[in-house]
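What follows is the content of query_15.pdb, which has PDB, N, CA and C atoms:
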```
ATOM      1  N   MET A   1      -6.936  12.630  -7.654
ATOM      2  CA  MET A   1      -5.780  11.955  -8.187
ATOM      3  C   MET A   1      -5.855  10.478  -7.844
ATOM      4  N   ALA A   2      -5.441   9.651  -8.764
ATOM      5  CA  ALA A   2      -5.386   8.201  -8.545
ATOM      6  C   ALA A   2      -3.964   7.715  -8.816
ATOM      7  N   ILE A   3      -3.546   6.734  -8.059
ATOM      8  CA  ILE A   3      -2.223   6.153  -8.255
ATOM      9  C   ILE A   3      -2.272   5.218  -9.459
ATOM     10  N   SER A   4      -1.355   5.413 -10.386
ATOM     11  CA  SER A   4      -1.262   4.466 -11.503
ATOM     12  C   SER A   4      -0.038   3.576 -11.342
ATOM     13  N   MET A   5       1.000   4.078 -10.643
ATOM     14  CA  MET A   5       2.214   3.296 -10.455
ATOM     15  C   MET A   5       3.018   3.872  -9.295
ATOM     16  N   ILE A   6       3.711   2.971  -8.618
ATOM     17  CA  ILE A   6       4.707   3.374  -7.630
ATOM     18  C   ILE A   6       5.997   2.700  -8.051
ATOM     19  N   GLN A   7       6.988   3.505  -8.311
ATOM     20  CA  GLN A   7       8.243   3.003  -8.865
ATOM     21  C   GLN A   7       9.391   3.294  -7.902
ATOM     22  N   LEU A   8      10.226   2.277  -7.672
ATOM     23  CA  LEU A   8      11.407   2.441  -6.838
ATOM     24  C   LEU A   8      12.609   2.653  -7.739
ATOM     25  N   LYS A   9      13.284   3.776  -7.541
ATOM     26  CA  LYS A   9      14.528   4.063  -8.253
ATOM     27  C   LYS A   9      15.570   4.388  -7.201
ATOM     28  N   GLY A  10      16.593   3.524  -7.120
ATOM     29  CA  GLY A  10      17.587   3.708  -6.078
ATOM     30  C   GLY A  10      16.956   3.513  -4.723
ATOM     31  N   SER A  11      16.985   4.548  -3.898
ATOM     32  CA  SER A  11      16.391   4.463  -2.566
ATOM     33  C   SER A  11      15.174   5.379  -2.430
ATOM     34  N   THR A  12      14.546   5.701  -3.576
ATOM     35  CA  THR A  12      13.394   6.601  -3.572
ATOM     36  C   THR A  12      12.218   5.982  -4.327
ATOM     37  N   TYR A  13      11.032   6.060  -3.711
ATOM     38  CA  TYR A  13       9.791   5.676  -4.390
ATOM     39  C   TYR A  13       9.202   6.914  -5.042
ATOM     40  N   TYR A  14       8.682   6.730  -6.250
ATOM     41  CA  TYR A  14       7.982   7.797  -6.961
ATOM     42  C   TYR A  14       6.555   7.356  -7.198
ATOM     43  N   ILE A  15       5.604   8.179  -6.761
ATOM     44  CA  ILE A  15       4.180   7.899  -6.988
ATOM     45  C   ILE A  15       3.766   8.640  -8.245
ATOM     46  N   MET A  16       3.174   7.903  -9.179
ATOM     47  CA  MET A  16       2.722   8.476 -10.447
ATOM     48  C   MET A  16       1.195   8.476 -10.491
ATOM     49  N   ASP A  17       0.622   9.536 -11.037
ATOM     50  CA  ASP A  17      -0.831   9.592 -11.163
ATOM     51  C   ASP A  17      -1.287   8.949 -12.468
ATOM     52  N   GLU A  18      -2.578   9.000 -12.714
ATOM     53  CA  GLU A  18      -3.159   8.348 -13.903
ATOM     54  C   GLU A  18      -2.693   8.971 -15.217
ATOM     55  N   LYS A  19      -2.092  10.164 -15.163
ATOM     56  CA  LYS A  19      -1.556  10.805 -16.360
ATOM     57  C   LYS A  19      -0.064  10.544 -16.526
ATOM     58  N   GLY A  20       0.516   9.747 -15.617
ATOM     59  CA  GLY A  20       1.936   9.444 -15.676
ATOM     60  C   GLY A  20       2.810  10.520 -15.061
ATOM     61  N   LYS A  21       2.176  11.480 -14.379
ATOM     62  CA  LYS A  21       2.911  12.575 -13.747
ATOM     63  C   LYS A  21       3.315  12.167 -12.340
ATOM     64  N   GLN A  22       4.572  12.441 -11.991
ATOM     65  CA  GLN A  22       5.051  12.176 -10.643
ATOM     66  C   GLN A  22       4.378  13.142  -9.682
ATOM     67  N   THR A  23       3.748  12.592  -8.649
ATOM     68  CA  THR A  23       3.049  13.439  -7.685
ATOM     69  C   THR A  23       3.736  13.500  -6.333
ATOM     70  N   LYS A  24       4.583  12.516  -6.043
ATOM     71  CA  LYS A  24       5.228  12.463  -4.739
ATOM     72  C   LYS A  24       6.459  11.593  -4.830
ATOM     73  N   SER A  25       7.475  11.922  -4.057
ATOM     74  CA  SER A  25       8.624  11.041  -3.898
ATOM     75  C   SER A  25       8.814  10.810  -2.404
ATOM     76  N   MET A  26       9.205   9.569  -2.068
ATOM     77  CA  MET A  26       9.348   9.171  -0.672
ATOM     78  C   MET A  26      10.554   8.259  -0.551
ATOM     79  N   SER A  27      11.295   8.379   0.524
ATOM     80  CA  SER A  27      12.481   7.543   0.684
ATOM     81  C   SER A  27      12.089   6.125   1.107
ATOM     82  N   TYR A  28      12.850   5.172   0.598
ATOM     83  CA  TYR A  28      12.644   3.770   0.946
ATOM     84  C   TYR A  28      12.767   3.582   2.459
ATOM     85  N   SER A  29      13.700   4.262   3.084
ATOM     86  CA  SER A  29      13.922   4.095   4.522
ATOM     87  C   SER A  29      12.721   4.530   5.356
ATOM     88  N   SER A  30      11.937   5.483   4.872
ATOM     89  CA  SER A  30      10.761   5.926   5.626
ATOM     90  C   SER A  30       9.517   5.098   5.307
ATOM     91  N   VAL A  31       9.433   4.548   4.103
ATOM     92  CA  VAL A  31       8.249   3.791   3.669
ATOM     93  C   VAL A  31       8.411   2.305   3.918
ATOM     94  N   GLY A  32       9.603   1.786   3.689
ATOM     95  CA  GLY A  32       9.801   0.338   3.737
ATOM     96  C   GLY A  32       9.510  -0.265   2.378
ATOM     97  N   GLU A  33       9.116  -1.521   2.352
ATOM     98  CA  GLU A  33       8.819  -2.207   1.094
ATOM     99  C   GLU A  33       7.365  -2.003   0.712
ATOM    100  N   VAL A  34       7.107  -1.424  -0.460
ATOM    101  CA  VAL A  34       5.737  -1.287  -0.946
ATOM    102  C   VAL A  34       5.263  -2.668  -1.393
ATOM    103  N   LEU A  35       4.170  -3.114  -0.791
ATOM    104  CA  LEU A  35       3.639  -4.446  -1.066
ATOM    105  C   LEU A  35       2.605  -4.450  -2.176
ATOM    106  N   GLY A  36       1.995  -3.310  -2.428
ATOM    107  CA  GLY A  36       1.003  -3.199  -3.496
ATOM    108  C   GLY A  36       0.257  -1.894  -3.389
ATOM    109  N   TRP A  37      -0.486  -1.575  -4.447
ATOM    110  CA  TRP A  37      -1.249  -0.331  -4.454
ATOM    111  C   TRP A  37      -2.518  -0.507  -5.256
ATOM    112  N   ALA A  38      -3.444   0.375  -4.974
ATOM    113  CA  ALA A  38      -4.692   0.509  -5.719
ATOM    114  C   ALA A  38      -4.795   1.993  -6.072
ATOM    115  N   ALA A  39      -5.898   2.405  -6.631
ATOM    116  CA  ALA A  39      -6.020   3.781  -7.103
ATOM    117  C   ALA A  39      -5.869   4.820  -5.995
ATOM    118  N   HIS A  40      -6.357   4.503  -4.786
ATOM    119  CA  HIS A  40      -6.393   5.545  -3.762
ATOM    120  C   HIS A  40      -5.649   5.221  -2.473
ATOM    121  N   PHE A  41      -4.918   4.107  -2.454
ATOM    122  CA  PHE A  41      -4.094   3.821  -1.291
ATOM    123  C   PHE A  41      -3.012   2.823  -1.656
ATOM    124  N   PHE A  42      -1.980   2.744  -0.800
ATOM    125  CA  PHE A  42      -0.981   1.703  -0.971
ATOM    126  C   PHE A  42      -0.564   1.155   0.380
ATOM    127  N   VAL A  43       0.018  -0.037   0.334
ATOM    128  CA  VAL A  43       0.379  -0.775   1.539
ATOM    129  C   VAL A  43       1.881  -1.018   1.527
ATOM    130  N   SER A  44       2.519  -0.800   2.663
ATOM    131  CA  SER A  44       3.947  -1.075   2.771
ATOM    132  C   SER A  44       4.230  -1.843   4.058
ATOM    133  N   LYS A  45       5.424  -2.418   4.106
ATOM    134  CA  LYS A  45       5.887  -3.124   5.295
ATOM    135  C   LYS A  45       7.247  -2.566   5.682
ATOM    136  N   ARG A  46       7.377  -2.183   6.941
ATOM    137  CA  ARG A  46       8.651  -1.718   7.470
ATOM    138  C   ARG A  46       8.810  -2.356   8.841
ATOM    139  N   GLY A  47       9.867  -3.130   8.995
ATOM    140  CA  GLY A  47      10.034  -3.860  10.244
ATOM    141  C   GLY A  47       8.929  -4.890  10.395
ATOM    142  N   SER A  48       8.260  -4.891  11.528
ATOM    143  CA  SER A  48       7.179  -5.843  11.767
ATOM    144  C   SER A  48       5.809  -5.177  11.699
ATOM    145  N   SER A  49       5.732  -4.049  10.974
ATOM    146  CA  SER A  49       4.475  -3.317  10.856
ATOM    147  C   SER A  49       4.051  -3.160   9.401
ATOM    148  N   ILE A  50       2.745  -3.115   9.205
ATOM    149  CA  ILE A  50       2.119  -2.853   7.912
ATOM    150  C   ILE A  50       1.570  -1.428   7.978
ATOM    151  N   TYR A  51       1.863  -0.639   6.946
ATOM    152  CA  TYR A  51       1.423   0.752   6.918
ATOM    153  C   TYR A  51       0.510   0.994   5.718
ATOM    154  N   LEU A  52      -0.526   1.802   5.931
ATOM    155  CA  LEU A  52      -1.432   2.216   4.857
ATOM    156  C   LEU A  52      -1.199   3.695   4.586
ATOM    157  N   TYR A  53      -1.104   4.034   3.308
ATOM    158  CA  TYR A  53      -0.878   5.408   2.868
ATOM    159  C   TYR A  53      -1.961   5.804   1.871
ATOM    160  N   ASP A  54      -2.321   7.076   1.857
ATOM    161  CA  ASP A  54      -3.261   7.555   0.842
ATOM    162  C   ASP A  54      -2.518   7.868  -0.459
ATOM    163  N   GLU A  55      -3.248   8.287  -1.465
ATOM    164  CA  GLU A  55      -2.651   8.540  -2.781
ATOM    165  C   GLU A  55      -1.673   9.712  -2.781
ATOM    166  N   ASN A  56      -1.713  10.517  -1.723
ATOM    167  CA  ASN A  56      -0.781  11.639  -1.601
ATOM    168  C   ASN A  56       0.470  11.269  -0.809
ATOM    169  N   GLY A  57       0.584   9.998  -0.421
ATOM    170  CA  GLY A  57       1.750   9.551   0.318
ATOM    171  C   GLY A  57       1.682   9.816   1.807
ATOM    172  N   LYS A  58       0.485  10.118   2.319
ATOM    173  CA  LYS A  58       0.328  10.370   3.752
ATOM    174  C   LYS A  58      -0.042   9.070   4.454
ATOM    175  N   GLN A  59       0.767   8.692   5.433
ATOM    176  CA  GLN A  59       0.476   7.489   6.215
ATOM    177  C   GLN A  59      -0.723   7.758   7.106
ATOM    178  N   TYR A  60      -1.721   6.855   7.074
ATOM    179  CA  TYR A  60      -2.894   7.067   7.909
ATOM    180  C   TYR A  60      -3.220   5.897   8.824
ATOM    181  N   LYS A  61      -2.491   4.791   8.702
ATOM    182  CA  LYS A  61      -2.787   3.644   9.562
ATOM    183  C   LYS A  61      -1.553   2.762   9.666
ATOM    184  N   SER A  62      -1.324   2.208  10.849
ATOM    185  CA  SER A  62      -0.283   1.202  11.025
ATOM    186  C   SER A  62      -0.916   0.007  11.720
ATOM    187  N   LEU A  63      -0.489  -1.179  11.297
ATOM    188  CA  LEU A  63      -1.018  -2.431  11.823
ATOM    189  C   LEU A  63       0.144  -3.362  12.110
ATOM    190  N   SER A  64       0.001  -4.191  13.103
ATOM    191  CA  SER A  64       1.032  -5.165  13.425
ATOM    192  C   SER A  64       0.982  -6.317  12.417
ATOM    193  N   GLU A  65       2.137  -6.671  11.842
ATOM    194  CA  GLU A  65       2.174  -7.780  10.898
ATOM    195  C   GLU A  65       1.736  -9.082  11.573
ATOM    196  N   SER A  66       2.006  -9.243  12.850
ATOM    197  CA  SER A  66       1.611 -10.478  13.536
ATOM    198  C   SER A  66       0.096 -10.605  13.649
ATOM    199  N   SER A  67      -0.632  -9.493  13.667
ATOM    200  CA  SER A  67      -2.094  -9.564  13.722
ATOM    201  C   SER A  67      -2.729  -9.579  12.334
ATOM    202  N   VAL A  68      -2.079  -8.957  11.356
ATOM    203  CA  VAL A  68      -2.624  -8.898   9.992
ATOM    204  C   VAL A  68      -2.224 -10.126   9.182
ATOM    205  N   GLY A  69      -0.968 -10.505   9.243
ATOM    206  CA  GLY A  69      -0.434 -11.592   8.435
ATOM    207  C   GLY A  69       0.413 -11.039   7.298
ATOM    208  N   THR A  70       0.671 -11.881   6.317
ATOM    209  CA  THR A  70       1.470 -11.501   5.156
ATOM    210  C   THR A  70       0.550 -10.984   4.066
ATOM    211  N   VAL A  71       0.754  -9.747   3.627
ATOM    212  CA  VAL A  71      -0.087  -9.159   2.576
ATOM    213  C   VAL A  71       0.218  -9.864   1.262
ATOM    214  N   VAL A  72      -0.838 -10.387   0.614
ATOM    215  CA  VAL A  72      -0.656 -11.118  -0.637
ATOM    216  C   VAL A  72      -1.207 -10.374  -1.844
ATOM    217  N   SER A  73      -2.134  -9.428  -1.641
ATOM    218  CA  SER A  73      -2.627  -8.644  -2.784
ATOM    219  C   SER A  73      -3.292  -7.359  -2.308
ATOM    220  N   VAL A  74      -3.286  -6.378  -3.203
ATOM    221  CA  VAL A  74      -3.952  -5.102  -2.975
ATOM    222  C   VAL A  74      -4.740  -4.802  -4.237
ATOM    223  N   SER A  75      -6.042  -4.514  -4.086
ATOM    224  CA  SER A  75      -6.876  -4.275  -5.261
ATOM    225  C   SER A  75      -8.118  -3.500  -4.856
ATOM    226  N   GLY A  76      -8.561  -2.620  -5.744
ATOM    227  CA  GLY A  76      -9.775  -1.850  -5.464
ATOM    228  C   GLY A  76      -9.632  -1.087  -4.166
ATOM    229  N   ASN A  77     -10.532  -1.317  -3.247
ATOM    230  CA  ASN A  77     -10.474  -0.670  -1.938
ATOM    231  C   ASN A  77     -10.164  -1.660  -0.833
ATOM    232  N   THR A  78      -9.488  -2.766  -1.182
ATOM    233  CA  THR A  78      -9.187  -3.801  -0.204
ATOM    234  C   THR A  78      -7.767  -4.326  -0.361
ATOM    235  N   PHE A  79      -7.328  -5.030   0.684
ATOM    236  CA  PHE A  79      -6.121  -5.824   0.571
ATOM    237  C   PHE A  79      -6.351  -7.145   1.288
ATOM    238  N   VAL A  80      -5.609  -8.160   0.858
ATOM    239  CA  VAL A  80      -5.760  -9.509   1.395
ATOM    240  C   VAL A  80      -4.445  -9.917   2.043
ATOM    241  N   ALA A  81      -4.545 -10.507   3.222
ATOM    242  CA  ALA A  81      -3.376 -11.001   3.942
ATOM    243  C   ALA A  81      -3.626 -12.447   4.350
ATOM    244  N   GLN A  82      -2.540 -13.209   4.431
ATOM    245  CA  GLN A  82      -2.641 -14.595   4.867
ATOM    246  C   GLN A  82      -1.954 -14.749   6.213
ATOM    247  N   ARG A  83      -2.674 -15.372   7.126
ATOM    248  CA  ARG A  83      -2.145 -15.699   8.439
ATOM    249  C   ARG A  83      -2.457 -17.170   8.677
ATOM    250  N   GLY A  84      -1.411 -17.975   8.714
ATOM    251  CA  GLY A  84      -1.626 -19.419   8.829
ATOM    252  C   GLY A  84      -2.310 -19.942   7.577
ATOM    253  N   ARG A  85      -3.389 -20.678   7.755
ATOM    254  CA  ARG A  85      -4.130 -21.237   6.621
ATOM    255  C   ARG A  85      -5.420 -20.453   6.338
ATOM    256  N   THR A  86      -5.424 -19.179   6.732
ATOM    257  CA  THR A  86      -6.608 -18.349   6.548
ATOM    258  C   THR A  86      -6.247 -17.065   5.804
ATOM    259  N   LEU A  87      -7.093 -16.690   4.849
ATOM    260  CA  LEU A  87      -6.965 -15.413   4.132
ATOM    261  C   LEU A  87      -7.940 -14.424   4.748
ATOM    262  N   TYR A  88      -7.445 -13.241   5.027
ATOM    263  CA  TYR A  88      -8.262 -12.184   5.614
ATOM    264  C   TYR A  88      -8.330 -11.023   4.627
ATOM    265  N   THR A  89      -9.519 -10.488   4.422
ATOM    266  CA  THR A  89      -9.693  -9.323   3.561
ATOM    267  C   THR A  89      -9.938  -8.112   4.450
ATOM    268  N   TYR A  90      -9.184  -7.052   4.171
ATOM    269  CA  TYR A  90      -9.289  -5.799   4.908
ATOM    270  C   TYR A  90      -9.712  -4.696   3.949
ATOM    271  N   ASP A  91     -10.480  -3.730   4.449
ATOM    272  CA  ASP A  91     -10.782  -2.573   3.610
ATOM    273  C   ASP A  91      -9.612  -1.590   3.674
ATOM    274  N   SER A  92      -9.724  -0.513   2.938
ATOM    275  CA  SER A  92      -8.604   0.435   2.847
ATOM    276  C   SER A  92      -8.370   1.203   4.136
ATOM    277  N   THR A  93      -9.255   1.054   5.122
ATOM    278  CA  THR A  93      -9.039   1.695   6.419
ATOM    279  C   THR A  93      -8.331   0.754   7.389
ATOM    280  N   GLY A  94      -8.115  -0.500   6.967
ATOM    281  CA  GLY A  94      -7.448  -1.474   7.825
ATOM    282  C   GLY A  94      -8.406  -2.317   8.637
ATOM    283  N   LYS A  95      -9.712  -2.190   8.371
ATOM    284  CA  LYS A  95     -10.718  -2.980   9.086
ATOM    285  C   LYS A  95     -10.899  -4.326   8.391
ATOM    286  N   GLN A  96     -10.843  -5.423   9.161
ATOM    287  CA  GLN A  96     -11.064  -6.752   8.585
ATOM    288  C   GLN A  96     -12.526  -6.883   8.195
ATOM    289  N   ILE A  97     -12.778  -7.298   6.945
ATOM    290  CA  ILE A  97     -14.171  -7.406   6.484
ATOM    291  C   ILE A  97     -14.595  -8.844   6.193
ATOM    292  N   SER A  98     -13.634  -9.754   6.012
ATOM    293  CA  SER A  98     -13.994 -11.155   5.811
ATOM    294  C   SER A  98     -12.781 -12.038   5.990
ATOM    295  N   SER A  99     -13.049 -13.339   6.066
ATOM    296  CA  SER A  99     -11.966 -14.329   6.146
ATOM    297  C   SER A  99     -12.458 -15.630   5.527
ATOM    298  N   ARG A 100     -11.490 -16.426   5.070
ATOM    299  CA  ARG A 100     -11.814 -17.746   4.547
ATOM    300  C   ARG A 100     -10.571 -18.636   4.635
ATOM    301  N   SER A 101     -10.813 -19.924   4.766
ATOM    302  CA  SER A 101      -9.717 -20.872   4.835
ATOM    303  C   SER A 101      -9.097 -21.060   3.469
ATOM    304  N   VAL A 102      -7.792 -21.343   3.482
ATOM    305  CA  VAL A 102      -7.077 -21.589   2.231
ATOM    306  C   VAL A 102      -7.292 -23.016   1.820
TER     307      VAL A 102
END
```
Represent the structure from my file as structure tokens, please.
Amino acid sequence: MAISMIQLKGSTYYIMDEKGKQTKSMSYSSVGEVLGWAAHFFVSKRGSSIYLYDENGKQYKSLSESSVGTVVSVSGNTFVAQRGRTLYTYDSTGKQISSRSV
């Protein structure tokens, strides 16, 4: 299954697969703000933490926002965060794979 969309309705997120079928629903209070998604994972922020979830809505990693920075994009198997004047690229496991100055 691949994520095609994550939609917030009221206080519930709905994960849709590539066929447009709802595969999971999750409360906003447990997930926080969804910052972006790719086919097989999504990133959210709740409080001062960044969370990584798989396509089934299972949380598998948490990271401190102060160490990661502000997530600016999610694509493919990576996400990009900005901390100060530097952009950091992380893989879908939360491992930093590169950085560059803005």
Practice prompt. Using the chain letters and numbers from the file, give me the residues hit by the PyMOL selection byres ((chain A and resi 26) around 6), as a list in words.
Written response: Ser11, Thr12, Tyr13, Tyr14, Lys24, Ser25, Ser27 and Tyr28 of chain A
Practice prompt. Write out as a VMD selection string each polymer residue whose atoms come within 6.5 Å of Glu33 (chain A), counting all atoms listed in the file; drop sequence neighbours fewer than 6 positions from it.
Written response: chain A and resid 43 to 46
Worksheet item: Just so the selection is clear, what residues does the PyMOL selection byres (((chain A and resi 68-83 and name CA) around 12) and name CA) cover here, as a VMD selection string?
Response: chain A and resid 2 to 3 33 to 45 48 to 52 54 62 to 67 84 to 102
Practice prompt. Report the residues of chain A whose backbone DSSP state falls under strand (DSSP E), written as number ranges by chain.
Written response: A: 3-9, 12-17, 22-27, 33-37, 41-46, 49-54, 59-64, 70-75, 78-83, 86-91, 96-101
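Listed by chain and then by rising number, the residues of chain A that DSSP assigns to alpha helix (DSSP H) from the backbone are A:Tyr28, A:Ser29, A:Ser30, A:Val31, A:Glu65, A:Ser66, A:Ser67, A:Val68.
Take CA of Lys21 (chain A) and CA of Ser4 (chain A): the distance between them is 9.4 Å.
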Discussion item. As an exercise, work out the distance from atom C of Glu18 (chain A) to atom N of Gly32 (chain A) in Å and give it to one decimal place.
Written reply: 23.7 Å
Worksheet item: Any idea what the distance is between atom N of Ser29 (chain A) and atom C of Gln7 (chain A)?
Response: 11.8 Å
Fill in: Nearest to Gly47 (chain A) by atom-to-atom distance, counting only C-alpha atoms, from A:Val31, A:Gln59, A:Lys19, A:Met5
A:Val31
Fill in: Selection: 6 Å around Ile15 (chain A), only C-alpha atoms, excl. self and same-chain fewer than 4 positions, as a ChimeraX atom specification
/A:6,22-24
